[in-house]
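The next block holds one structure in the form of structure tokens; read it before the comments.
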Amino acid sequence: MPLNTEAAKRIQEVLANNIVFSPLPPPETVAGLDVAYSGDLAYGVAVVVQLSTLQVIDIACAIVKSVVPYIPTFLAFRELTPMLRAYIKLRVKPDVILVDGHGIAHPRKFGIASHIGVVLKKPTVGVAKSRLYGEEQRDVVTDPLTGEVIAKVVRCGGKKYVSVGSYITLEDAVKLVEKLCINKDVYPLRLAHNMSQKLKQKKPHVFDQWGEAPVSSEECT
DNA sequence: GCGACAG
DNA sequence: ATCTTGTCGC
């Protein structure tokens, strides 16, 4: 299925008005969301980690048919479903969510991290491996049109572009990512990435009429 | 028209 | 993201 980019663009512009910039109350739990692909299937994984102990307290995953192609600035329309399908299966909801991709460091200020934050009304942080939009100088990325700081570069096994998704401030987002930078990786995202890669290597699955395969949390590991 | 372009 | 092994270097 192709993507109506004009309609998608209007959705992003409208929903971007719902982004909230506010301090994040000290979180106890953090989730990492990631998606892997194989053939025409998307494997979404959500991992919840206890900040004080770094122990994994919940895991969930979803296997759905991948229908939308990747088009720069429209990543959410391809990965939102697999990520949210996994997220809603969590029995323990996190205080804040880390997403693979940008938040407001996006042409229309509405990257996938912001999209998820607005839809779930939950604090989210965008953590990307490369820049999509903005002028990078030193460790800050600014919007060339407004001069506003839209992201900060955090060194953690390479550059990580950290931006606000929603319900958080850039300062709190950066503090959280730095705290979770372990062994050159943002821990929760590393776990989610490893799990999605593992998951897709498993046996085929049976799909229901909605194009989703039943997968237990144990089956994710 | 040209270059840029998350995963 | 995915296709793919070894190899050069700290």
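To be explicit about the labels: the chains of the structure tokens are called A, B, and onward in the order shown, and within each one the residues are counted from 1, while ligands get numbers from 1 in the order they are shown.
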Restrict the distance test to only C-alpha atoms (C1' of nucleotides), flag each residue of chain B within 8 Å of chain A, and return the flagged residues as a short mmCIF file (atom, residue, chain, number, x, y, z; two decimals) with C-alpha atoms (C1' of nucleotides), in the first residue's frame.
```cif
data_model
loop_
_atom_site.label_atom_id
_atom_site.label_comp_id
_atom_site.auth_asym_id
_atom_site.auth_seq_id
_atom_site.Cartn_x
_atom_site.Cartn_y
_atom_site.Cartn_z
"C1'" DC B 5 16.44 12.39 3.43
"C1'" DA B 6 14.77 9.07 11.06
"C1'" DG B 7 14.13 3.50 10.11
#
```
| request: Enumerate, as a PyMOL selection string, the complete set of residues in range 49-131 of chain A that a backbone-based DSSP assignment places in strand (DSSP E). | output: chain A and resi 49-50+56-65+96-100+124-128
| message | Report as a list in words all protein, DNA and RNA residues lying within 6 Å of range 185-189 of chain A, evaluated on only C-alpha atoms (C1' of nucleotides), omitting residues in the same chain fewer than 6 positions from it. | response |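 That gives Gly32, Cys156 and Gly157 of chain A.
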| request: Would you kindly report the residues of chain C within 12 Å of chain A, using only C-alpha atoms (C1' of nucleotides), as a ChimeraX atom specification? | output: /C:1-3
Would you mind exporting C-alpha atoms (C1' of nucleotides) of the selected residues as a PDB file, in the first residue's frame?
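Below is the file selection-v4.pdb, written as the result:
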```pdb
ATOM      1  C1'  DA C   1      15.520  -1.106   7.861  1.00  0.00           C
ATOM      2  C1'  DT C   2      17.810  -5.047   4.960  1.00  0.00           C
ATOM      3  C1'  DC C   3      21.307  -7.519   1.877  1.00  0.00           C
TER       4       DC C   3
END
```
Please, which residues of chain A, numbered as in this document, come out alpha helix (DSSP H) from DSSP, as a PDB file with N, CA and C atoms, in the first residue's frame?
```pdb
ATOM      1  N   THR A   5       0.854  11.001   1.019  1.00  0.00           N
ATOM      2  CA  THR A   5       1.709  11.922   1.777  1.00  0.00           C
ATOM      3  C   THR A   5       1.073  13.288   2.061  1.00  0.00           C
ATOM      4  N   GLU A   6       0.172  13.724   1.200  1.00  0.00           N
ATOM      5  CA  GLU A   6      -0.473  15.022   1.451  1.00  0.00           C
ATOM      6  C   GLU A   6      -1.399  14.929   2.646  1.00  0.00           C
ATOM      7  N   ALA A   7      -2.140  13.811   2.725  1.00  0.00           N
ATOM      8  CA  ALA A   7      -3.045  13.598   3.860  1.00  0.00           C
ATOM      9  C   ALA A   7      -2.221  13.377   5.121  1.00  0.00           C
ATOM     10  N   ALA A   8      -1.154  12.585   4.987  1.00  0.00           N
ATOM     11  CA  ALA A   8      -0.295  12.280   6.136  1.00  0.00           C
ATOM     12  C   ALA A   8       0.346  13.568   6.657  1.00  0.00           C
ATOM     13  N   LYS A   9       0.698  14.430   5.747  1.00  0.00           N
ATOM     14  CA  LYS A   9       1.331  15.696   6.120  1.00  0.00           C
ATOM     15  C   LYS A   9       0.353  16.550   6.924  1.00  0.00           C
ATOM     16  N   ARG A  10      -0.915  16.568   6.517  1.00  0.00           N
ATOM     17  CA  ARG A  10      -1.917  17.368   7.234  1.00  0.00           C
ATOM     18  C   ARG A  10      -2.150  16.796   8.630  1.00  0.00           C
ATOM     19  N   ILE A  11      -2.111  15.456   8.734  1.00  0.00           N
ATOM     20  CA  ILE A  11      -2.301  14.809  10.034  1.00  0.00           C
ATOM     21  C   ILE A  11      -1.176  15.232  10.972  1.00  0.00           C
ATOM     22  N   GLN A  12       0.054  15.241  10.461  1.00  0.00           N
ATOM     23  CA  GLN A  12       1.196  15.627  11.296  1.00  0.00           C
ATOM     24  C   GLN A  12       1.090  17.088  11.720  1.00  0.00           C
ATOM     25  N   GLU A  13       0.705  17.943  10.797  1.00  0.00           N
ATOM     26  CA  GLU A  13       0.602  19.374  11.109  1.00  0.00           C
ATOM     27  C   GLU A  13      -0.474  19.644  12.158  1.00  0.00           C
ATOM     28  N   VAL A  14      -1.579  18.914  12.080  1.00  0.00           N
ATOM     29  CA  VAL A  14      -2.666  19.107  13.046  1.00  0.00           C
ATOM     30  C   VAL A  14      -2.298  18.544  14.411  1.00  0.00           C
ATOM     31  N   LEU A  15      -1.811  17.296  14.425  1.00  0.00           N
ATOM     32  CA  LEU A  15      -1.465  16.670  15.703  1.00  0.00           C
ATOM     33  C   LEU A  15      -0.292  17.338  16.413  1.00  0.00           C
ATOM     34  N   ALA A  76       6.543   7.342  10.978  1.00  0.00           N
ATOM     35  CA  ALA A  76       5.480   6.911  11.895  1.00  0.00           C
ATOM     36  C   ALA A  76       4.377   6.110  11.214  1.00  0.00           C
ATOM     37  N   PHE A  77       4.061   6.466   9.972  1.00  0.00           N
ATOM     38  CA  PHE A  77       2.985   5.768   9.278  1.00  0.00           C
ATOM     39  C   PHE A  77       3.378   4.332   8.944  1.00  0.00           C
ATOM     40  N   ARG A  78       4.655   4.017   9.069  1.00  0.00           N
ATOM     41  CA  ARG A  78       5.132   2.660   8.803  1.00  0.00           C
ATOM     42  C   ARG A  78       5.342   1.891  10.106  1.00  0.00           C
ATOM     43  N   GLU A  79       5.882   2.587  11.135  1.00  0.00           N
ATOM     44  CA  GLU A  79       6.185   1.897  12.389  1.00  0.00           C
ATOM     45  C   GLU A  79       5.256   2.106  13.581  1.00  0.00           C
ATOM     46  N   LEU A  80       4.304   3.003  13.461  1.00  0.00           N
ATOM     47  CA  LEU A  80       3.409   3.260  14.589  1.00  0.00           C
ATOM     48  C   LEU A  80       2.614   2.015  14.987  1.00  0.00           C
ATOM     49  N   THR A  81       2.055   1.318  14.020  1.00  0.00           N
ATOM     50  CA  THR A  81       1.248   0.132  14.314  1.00  0.00           C
ATOM     51  C   THR A  81       2.031  -0.960  15.040  1.00  0.00           C
ATOM     52  N   PRO A  82       3.144  -1.421  14.493  1.00  0.00           N
ATOM     53  CA  PRO A  82       3.882  -2.464  15.214  1.00  0.00           C
ATOM     54  C   PRO A  82       4.328  -2.023  16.605  1.00  0.00           C
ATOM     55  N   MET A  83       4.701  -0.756  16.747  1.00  0.00           N
ATOM     56  CA  MET A  83       5.144  -0.277  18.063  1.00  0.00           C
ATOM     57  C   MET A  83       3.977  -0.214  19.049  1.00  0.00           C
ATOM     58  N   LEU A  84       2.871   0.366  18.630  1.00  0.00           N
ATOM     59  CA  LEU A  84       1.725   0.494  19.546  1.00  0.00           C
ATOM     60  C   LEU A  84       1.083  -0.849  19.852  1.00  0.00           C
ATOM     61  N   ARG A  85       1.062  -1.746  18.880  1.00  0.00           N
ATOM     62  CA  ARG A  85       0.501  -3.079  19.101  1.00  0.00           C
ATOM     63  C   ARG A  85       1.279  -3.783  20.213  1.00  0.00           C
ATOM     64  N   ALA A  86       2.576  -3.603  20.212  1.00  0.00           N
ATOM     65  CA  ALA A  86       3.417  -4.228  21.249  1.00  0.00           C
ATOM     66  C   ALA A  86       3.178  -3.484  22.565  1.00  0.00           C
ATOM     67  N   TYR A  87       3.149  -2.177  22.501  1.00  0.00           N
ATOM     68  CA  TYR A  87       2.983  -1.353  23.711  1.00  0.00           C
ATOM     69  C   TYR A  87       1.711  -1.672  24.491  1.00  0.00           C
ATOM     70  N   ILE A 112       8.126  10.420  14.775  1.00  0.00           N
ATOM     71  CA  ILE A 112       7.426   9.280  15.369  1.00  0.00           C
ATOM     72  C   ILE A 112       7.343   9.311  16.897  1.00  0.00           C
ATOM     73  N   ALA A 113       8.360   9.847  17.558  1.00  0.00           N
ATOM     74  CA  ALA A 113       8.323   9.896  19.030  1.00  0.00           C
ATOM     75  C   ALA A 113       7.214  10.848  19.497  1.00  0.00           C
ATOM     76  N   SER A 114       7.039  11.954  18.790  1.00  0.00           N
ATOM     77  CA  SER A 114       5.984  12.897  19.143  1.00  0.00           C
ATOM     78  C   SER A 114       4.627  12.278  18.832  1.00  0.00           C
ATOM     79  N   HIS A 115       4.552  11.582  17.719  1.00  0.00           N
ATOM     80  CA  HIS A 115       3.301  10.938  17.293  1.00  0.00           C
ATOM     81  C   HIS A 115       2.828   9.963  18.372  1.00  0.00           C
ATOM     82  N   ILE A 116       3.746   9.153  18.872  1.00  0.00           N
ATOM     83  CA  ILE A 116       3.399   8.176  19.903  1.00  0.00           C
ATOM     84  C   ILE A 116       3.027   8.868  21.209  1.00  0.00           C
ATOM     85  N   GLY A 117       3.761   9.907  21.551  1.00  0.00           N
ATOM     86  CA  GLY A 117       3.476  10.617  22.796  1.00  0.00           C
ATOM     87  C   GLY A 117       2.098  11.258  22.789  1.00  0.00           C
ATOM     88  N   VAL A 118       1.735  11.877  21.667  1.00  0.00           N
ATOM     89  CA  VAL A 118       0.432  12.539  21.550  1.00  0.00           C
ATOM     90  C   VAL A 118      -0.712  11.516  21.538  1.00  0.00           C
ATOM     91  N   VAL A 119      -0.516  10.449  20.789  1.00  0.00           N
ATOM     92  CA  VAL A 119      -1.546   9.404  20.713  1.00  0.00           C
ATOM     93  C   VAL A 119      -1.774   8.727  22.068  1.00  0.00           C
ATOM     94  N   LEU A 120      -0.700   8.412  22.756  1.00  0.00           N
ATOM     95  CA  LEU A 120      -0.822   7.742  24.056  1.00  0.00           C
ATOM     96  C   LEU A 120      -0.982   8.710  25.232  1.00  0.00           C
ATOM     97  N   LEU A 170      13.467  19.145  26.762  1.00  0.00           N
ATOM     98  CA  LEU A 170      14.687  18.640  26.132  1.00  0.00           C
ATOM     99  C   LEU A 170      15.729  18.351  27.208  1.00  0.00           C
ATOM    100  N   GLU A 171      15.761  19.185  28.241  1.00  0.00           N
ATOM    101  CA  GLU A 171      16.726  18.989  29.318  1.00  0.00           C
ATOM    102  C   GLU A 171      16.496  17.644  30.022  1.00  0.00           C
ATOM    103  N   ASP A 172      15.244  17.361  30.369  1.00  0.00           N
ATOM    104  CA  ASP A 172      14.936  16.097  31.033  1.00  0.00           C
ATOM    105  C   ASP A 172      15.175  14.910  30.105  1.00  0.00           C
ATOM    106  N   ALA A 173      14.902  15.104  28.823  1.00  0.00           N
ATOM    107  CA  ALA A 173      15.097  14.028  27.850  1.00  0.00           C
ATOM    108  C   ALA A 173      16.578  13.672  27.767  1.00  0.00           C
ATOM    109  N   VAL A 174      17.416  14.698  27.716  1.00  0.00           N
ATOM    110  CA  VAL A 174      18.861  14.473  27.630  1.00  0.00           C
ATOM    111  C   VAL A 174      19.382  13.800  28.902  1.00  0.00           C
ATOM    112  N   LYS A 175      18.908  14.263  30.049  1.00  0.00           N
ATOM    113  CA  LYS A 175      19.349  13.666  31.315  1.00  0.00           C
ATOM    114  C   LYS A 175      19.000  12.180  31.363  1.00  0.00           C
ATOM    115  N   LEU A 176      17.806  11.852  30.907  1.00  0.00           N
ATOM    116  CA  LEU A 176      17.356  10.462  30.922  1.00  0.00           C
ATOM    117  C   LEU A 176      18.203   9.581  30.007  1.00  0.00           C
ATOM    118  N   VAL A 177      18.452  10.074  28.791  1.00  0.00           N
ATOM    119  CA  VAL A 177      19.252   9.295  27.841  1.00  0.00           C
ATOM    120  C   VAL A 177      20.684   9.110  28.338  1.00  0.00           C
ATOM    121  N   GLU A 178      21.247  10.160  28.913  1.00  0.00           N
ATOM    122  CA  GLU A 178      22.626  10.042  29.426  1.00  0.00           C
ATOM    123  C   GLU A 178      22.688   9.017  30.555  1.00  0.00           C
ATOM    124  N   LYS A 179      21.652   9.030  31.380  1.00  0.00           N
ATOM    125  CA  LYS A 179      21.614   8.095  32.512  1.00  0.00           C
ATOM    126  C   LYS A 179      21.494   6.649  32.031  1.00  0.00           C
ATOM    127  N   TYR A 187      20.438   1.756  26.780  1.00  0.00           N
ATOM    128  CA  TYR A 187      20.001   0.444  27.246  1.00  0.00           C
ATOM    129  C   TYR A 187      18.628  -0.082  26.820  1.00  0.00           C
ATOM    130  N   PRO A 188      17.542   0.606  27.148  1.00  0.00           N
ATOM    131  CA  PRO A 188      16.213   0.086  26.770  1.00  0.00           C
ATOM    132  C   PRO A 188      16.057  -0.112  25.259  1.00  0.00           C
ATOM    133  N   LEU A 189      16.672   0.773  24.479  1.00  0.00           N
ATOM    134  CA  LEU A 189      16.564   0.660  23.025  1.00  0.00           C
ATOM    135  C   LEU A 189      17.428  -0.486  22.513  1.00  0.00           C
ATOM    136  N   ARG A 190      18.553  -0.731  23.172  1.00  0.00           N
ATOM    137  CA  ARG A 190      19.419  -1.846  22.798  1.00  0.00           C
ATOM    138  C   ARG A 190      18.673  -3.164  23.019  1.00  0.00           C
ATOM    139  N   LEU A 191      17.997  -3.248  24.173  1.00  0.00           N
ATOM    140  CA  LEU A 191      17.234  -4.456  24.496  1.00  0.00           C
ATOM    141  C   LEU A 191      16.125  -4.678  23.476  1.00  0.00           C
ATOM    142  N   ALA A 192      15.378  -3.608  23.178  1.00  0.00           N
ATOM    143  CA  ALA A 192      14.279  -3.720  22.214  1.00  0.00           C
ATOM    144  C   ALA A 192      14.799  -4.119  20.838  1.00  0.00           C
ATOM    145  N   HIS A 193      15.923  -3.558  20.466  1.00  0.00           N
ATOM    146  CA  HIS A 193      16.507  -3.864  19.154  1.00  0.00           C
ATOM    147  C   HIS A 193      16.941  -5.325  19.099  1.00  0.00           C
ATOM    148  N   ASN A 194      17.646  -5.784  20.120  1.00  0.00           N
ATOM    149  CA  ASN A 194      18.103  -7.177  20.146  1.00  0.00           C
ATOM    150  C   ASN A 194      16.922  -8.139  20.096  1.00  0.00           C
ATOM    151  N   MET A 195      15.877  -7.814  20.870  1.00  0.00           N
ATOM    152  CA  MET A 195      14.721  -8.698  20.920  1.00  0.00           C
ATOM    153  C   MET A 195      13.969  -8.775  19.601  1.00  0.00           C
ATOM    154  N   SER A 196      13.848  -7.639  18.918  1.00  0.00           N
ATOM    155  CA  SER A 196      13.131  -7.650  17.633  1.00  0.00           C
ATOM    156  C   SER A 196      13.922  -8.446  16.600  1.00  0.00           C
ATOM    157  N   GLN A 197      15.244  -8.357  16.703  1.00  0.00           N
ATOM    158  CA  GLN A 197      16.088  -9.103  15.761  1.00  0.00           C
ATOM    159  C   GLN A 197      15.961 -10.594  16.019  1.00  0.00           C
ATOM    160  N   LYS A 198      15.924 -10.953  17.294  1.00  0.00           N
ATOM    161  CA  LYS A 198      15.789 -12.360  17.680  1.00  0.00           C
ATOM    162  C   LYS A 198      14.433 -12.900  17.260  1.00  0.00           C
ATOM    163  N   LEU A 199      13.414 -12.117  17.539  1.00  0.00           N
ATOM    164  CA  LEU A 199      12.047 -12.524  17.250  1.00  0.00           C
ATOM    165  C   LEU A 199      11.815 -12.892  15.789  1.00  0.00           C
ATOM    166  N   SER A 217       4.268 -12.918  25.712  1.00  0.00           N
ATOM    167  CA  SER A 217       5.453 -12.177  26.130  1.00  0.00           C
ATOM    168  C   SER A 217       6.668 -13.107  26.230  1.00  0.00           C
ATOM    169  N   GLU A 218       6.426 -14.374  26.569  1.00  0.00           N
ATOM    170  CA  GLU A 218       7.541 -15.325  26.689  1.00  0.00           C
ATOM    171  C   GLU A 218       8.084 -15.620  25.290  1.00  0.00           C
ATOM    172  N   GLU A 219       7.148 -15.671  24.331  1.00  0.00           N
ATOM    173  CA  GLU A 219       7.521 -15.969  22.947  1.00  0.00           C
ATOM    174  C   GLU A 219       8.410 -14.862  22.369  1.00  0.00           C
ATOM    175  N   CYS A 220       8.408 -13.714  23.028  1.00  0.00           N
ATOM    176  CA  CYS A 220       9.211 -12.583  22.548  1.00  0.00           C
ATOM    177  C   CYS A 220      10.696 -12.817  22.825  1.00  0.00           C
TER     178      CYS A 220
END
```
